[in-house]
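> A single structure is presented below for examination.
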Amino acid sequence: MQNGQVYRLRRGWAYRYRTADGKRPQRGGFGTKGEARAALNEALQQLSRGDSLPAEPPTLAALASEYLEQHVAEDITIETLRYRLQHAVEAFGTTRVDKLRPADIGTWRKRLPPGSAHYIHRALRQTLRYGVRCRYLNENPASLIPNPAPRQSEMRTFSWEELHLVAAELRPLYRGIPTFAAGTGLRPEEWIALERRDIDREQRVVSVQRVYASGKLKEYPKTHRSRRRVPLRSRVLAAVDAQPARLDTPLLFPGARGGHLDLHNFRERHWKPALRSAGLEYRRPYDLRHTYATFSIAAGISLFALSRRMGTSLEMIDRTYGHLAPDADEYELGLLEAFDARVSRADGHSLDTAD
């Protein structure tokens, strides 16, 4: 007899089981746990008798669960994907994936928060693309709905003046976070995991080696692009030096009791009130990373160098921030002219080519 499982969805119940050939049939849309259990027992009895069951695509909730279980990625990436998929699961969780209509998905997308609609819809596309590969459905209905990338105005950044205003409203324990995060581009889960030993004042760099997310501390693999060194400008070092001395913890930005900072609690209890007190519109702690990218490009740092400092791919940097880069022809010409001038001075030659 095959074993199965009944589990709860946001709306209703579903079941799943594993067959001898490794497949995982799933079915949702049941109003009660008892209905799902009865349907599961009936399906298992048919299997035990050798009867064939009609193939039935899973509900979106079941497909999302299956996709997240087999998807190979960092834990923080899985959790982010799970969070973004929850929007679609709440709307269509009990609907079989082959019954999803593009028109309904389009209407749903229009109601999503403008700043995150692109990423939420992309998560749904990604999951349904997996469903197509598994032959649960013939076409990805979400791919038929336009999914424009967010405009720069929706990727909100800070000025240094605004960062000073926010810092002034935070408790001394957290006052260095805005300057440090905007000055290094670290992800929140990275600066939360930092220890004081990761700061090299002589070399003026911070070593990014680990991440703290979902209550777990994890080391980056040595070959992972997220393991990196980021230069520390003077204002960032000053913010580090101004942190209250703590002998009870090695962490650079600890919680009140010395343990790892809970990002959710920090955001609700400290970050949001500080923004309100400073008279600023809401921006996420993650937008400090966008601020770093904006500052860096304005300073003339190349997208390639920026991708290394931010621990991500050049493709992602170009897609997200490429429009901020200086005009390619004019900018590159200026760099080449400056290089030629330096070489000529070093060689004692004049740039004047006239006879």
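Convention: chains lettered A, B, ... in structure tokens order; per-chain residue numbering from 1; ligands numbered from 1 as shown.
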Just list as a ChimeraX atom specification whatever in region 33-209 of chain A DSSP marks as alpha helix (DSSP H).
/A:33-48,60-70,75-92,102-110,117-133,160-169,177-184,188-191
> Would you mind listing, for every residue of region 119-144 of chain A within 12 Å of region 58-80 of chain A, the two atoms forming the shortest contact and the distance between them in Å to one decimal, using only C-alpha atoms, sorted by chain and ascending residue number, as a Markdown table?

```
| residue | atom | partner | partner_atom | distance |
| --- | --- | --- | --- | --- |
| A:Tyr119 | CA | A:Thr80 | CA | 10.0 |
| A:Ile120 | CA | A:Thr80 | CA | 9.9 |
| A:Ala123 | CA | A:Thr80 | CA | 9.5 |
| A:Leu124 | CA | A:Ala64 | CA | 8.6 |
| A:Arg125 | CA | A:Ala64 | CA | 11.0 |
| A:Gln126 | CA | A:Tyr67 | CA | 9.3 |
| A:Thr127 | CA | A:Ala64 | CA | 6.3 |
| A:Leu128 | CA | A:Leu63 | CA | 8.0 |
| A:Arg129 | CA | A:Tyr67 | CA | 10.1 |
| A:Tyr130 | CA | A:Tyr67 | CA | 7.1 |
| A:Gly131 | CA | A:Leu63 | CA | 7.1 |
| A:Val132 | CA | A:Leu63 | CA | 10.9 |
| A:Arg133 | CA | A:Tyr67 | CA | 11.3 |
| A:Cys134 | CA | A:Leu63 | CA | 10.1 |
| A:Arg135 | CA | A:Pro58 | CA | 10.9 |
| A:Tyr136 | CA | A:Pro58 | CA | 7.3 |
| A:Leu137 | CA | A:Pro58 | CA | 9.6 |
```
> Emit the selected residues as a short mmCIF file (atom, residue, chain, number, x, y, z; two decimals), in the first residue's frame, including C-alpha atoms.

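Now in selection_29.cif:
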```cif
data_model
loop_
_atom_site.label_atom_id
_atom_site.label_comp_id
_atom_site.auth_asym_id
_atom_site.auth_seq_id
_atom_site.Cartn_x
_atom_site.Cartn_y
_atom_site.Cartn_z
CA TYR A 119 9.22 39.96 -8.70
CA ILE A 120 6.00 38.31 -7.48
CA ALA A 123 8.10 33.85 -9.23
CA LEU A 124 4.76 32.61 -10.57
CA ARG A 125 6.15 32.40 -14.10
CA GLN A 126 9.15 30.46 -12.82
CA THR A 127 6.95 27.94 -11.01
CA LEU A 128 4.56 27.43 -13.91
CA ARG A 129 7.52 27.01 -16.26
CA TYR A 130 8.50 24.06 -14.07
CA GLY A 131 4.93 22.78 -14.42
CA VAL A 132 5.27 22.88 -18.21
CA ARG A 133 8.53 20.91 -18.03
CA CYS A 134 6.75 18.32 -15.88
CA ARG A 135 3.92 18.21 -18.47
CA TYR A 136 1.31 19.25 -15.94
CA LEU A 137 0.18 21.86 -18.46
#
```
> Near region 170-181 of chain A, counting only C-alpha atoms, which residues have an atom at most 7 Å away, once you skip same-chain residues fewer than 4 positions from it, shown as a PDB file with N, CA and C atoms, in the first residue's frame?

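The result, stored in selection-v2.pdb:
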```pdb
ATOM      1  N   LEU A 163      20.265  59.644   4.924  1.00  0.00           N
ATOM      2  CA  LEU A 163      20.828  58.587   5.756  1.00  0.00           C
ATOM      3  C   LEU A 163      21.219  59.130   7.134  1.00  0.00           C
ATOM      4  N   VAL A 166      18.004  59.500   9.186  1.00  0.00           N
ATOM      5  CA  VAL A 166      17.509  58.215   9.699  1.00  0.00           C
ATOM      6  C   VAL A 166      18.378  57.738  10.858  1.00  0.00           C
ATOM      7  N   GLY A 185      26.956  48.092   0.337  1.00  0.00           N
ATOM      8  CA  GLY A 185      26.089  47.329  -0.547  1.00  0.00           C
ATOM      9  C   GLY A 185      25.804  45.920  -0.078  1.00  0.00           C
ATOM     10  N   LEU A 186      26.134  45.605   1.170  1.00  0.00           N
ATOM     11  CA  LEU A 186      25.853  44.259   1.680  1.00  0.00           C
ATOM     12  C   LEU A 186      24.353  44.043   1.796  1.00  0.00           C
ATOM     13  N   VAL A 236      32.316  55.192   6.270  1.00  0.00           N
ATOM     14  CA  VAL A 236      31.844  53.889   6.739  1.00  0.00           C
ATOM     15  C   VAL A 236      32.665  53.434   7.941  1.00  0.00           C
ATOM     16  N   ALA A 239      31.496  55.214  10.955  1.00  0.00           N
ATOM     17  CA  ALA A 239      30.250  54.655  11.481  1.00  0.00           C
ATOM     18  C   ALA A 239      30.518  53.393  12.284  1.00  0.00           C
ATOM     19  N   VAL A 240      31.480  52.575  11.829  1.00  0.00           N
ATOM     20  CA  VAL A 240      31.855  51.368  12.571  1.00  0.00           C
ATOM     21  C   VAL A 240      32.477  51.745  13.915  1.00  0.00           C
ATOM     22  N   GLN A 243      30.136  52.638  16.759  1.00  0.00           N
ATOM     23  CA  GLN A 243      29.272  51.617  17.350  1.00  0.00           C
ATOM     24  C   GLN A 243      29.599  51.447  18.844  1.00  0.00           C
ATOM     25  N   PRO A 244      28.586  51.307  19.704  1.00  0.00           N
ATOM     26  CA  PRO A 244      28.846  51.093  21.135  1.00  0.00           C
ATOM     27  C   PRO A 244      29.701  49.850  21.361  1.00  0.00           C
ATOM     28  N   PHE A 253      26.817  44.221  14.385  1.00  0.00           N
ATOM     29  CA  PHE A 253      25.509  44.850  14.598  1.00  0.00           C
ATOM     30  C   PHE A 253      24.596  43.856  15.320  1.00  0.00           C
ATOM     31  N   HIS A 270      12.124  49.556  14.793  1.00  0.00           N
ATOM     32  CA  HIS A 270      13.137  50.606  14.769  1.00  0.00           C
ATOM     33  C   HIS A 270      13.211  51.332  13.423  1.00  0.00           C
ATOM     34  N   ALA A 274      11.896  55.200  12.700  1.00  0.00           N
ATOM     35  CA  ALA A 274      12.964  56.163  12.423  1.00  0.00           C
ATOM     36  C   ALA A 274      12.673  56.941  11.143  1.00  0.00           C
ATOM     37  N   LEU A 288      19.010  50.179   0.933  1.00  0.00           N
ATOM     38  CA  LEU A 288      20.358  50.680   1.211  1.00  0.00           C
ATOM     39  C   LEU A 288      21.356  50.054   0.234  1.00  0.00           C
ATOM     40  N   ARG A 289      21.094  48.831  -0.178  1.00  0.00           N
ATOM     41  CA  ARG A 289      21.944  48.162  -1.176  1.00  0.00           C
ATOM     42  C   ARG A 289      21.795  48.850  -2.536  1.00  0.00           C
TER      43      ARG A 289
END
```
> What lies within 8 Å of Arg156 (chain A) using only C-alpha atoms, ignoring chain neighbours under 4 positions off, as a list in words?
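Selected residues are Gln152, Arg283, Asp287, His290 and Thr291 of chain A.
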> Restricting the output to C-alpha atoms, write the selected residues as a JSON list (two decimals), in the first residue's frame.

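Written file, again.json:
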```
[["chain", "number", "residue", "atom", "x", "y", "z"],
["A", 152, "GLN", "CA", 14.06, 53.36, -11.16],
["A", 283, "ARG", "CA", 12.08, 52.59, 1.98],
["A", 287, "ASP", "CA", 17.10, 49.78, -0.52],
["A", 290, "HIS", "CA", 20.36, 49.95, -4.15],
["A", 291, "THR", "CA", 21.74, 53.19, -2.72]]
```
> Given the choices A:Pro148, A:Pro141, A:Pro113, A:Gly183, which gets closest to Trp160 (chain A) if the distance is worked out from only C-alpha atoms?
A:Gly183
> CA of Gly31 (chain A) and CA of Glu139 (chain A) are how many Å apart?
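The value is 27.9 Å.
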> Could you state the separation of CA of Arg204 (chain A) and CA of Leu232 (chain A) in Å, given to one decimal place?
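Separation between CA of Arg204 (chain A) and CA of Leu232 (chain A): 5.2 Å.
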> Using only C-alpha atoms, which of the listed residues (A:Pro250, A:Pro114, A:Pro146, A:Gly12) sits closest to Pro102 (chain A)?
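Of A:Pro250, A:Pro114, A:Pro146, A:Gly12, the one nearest Pro102 (chain A), counting only C-alpha atoms, is A:Pro146.
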> Could you write out, as a PyMOL selection string, all the residues of region 175-264 of chain A that DSSP marks as strand (DSSP E or B)?
chain A and resi 195+199-200+205-208+210-213+216-219+228-231+251
> In Å, rounded to a single decimal, give me how far CA of Tyr292 (chain A) is from CA of Ala182 (chain A).
4.8 Å
> Pick the closest to Arg267 (chain A) from A:Gln45, A:Ala142, A:Pro285, A:Gly255: which is it, counting only C-alpha atoms?
A:Pro285
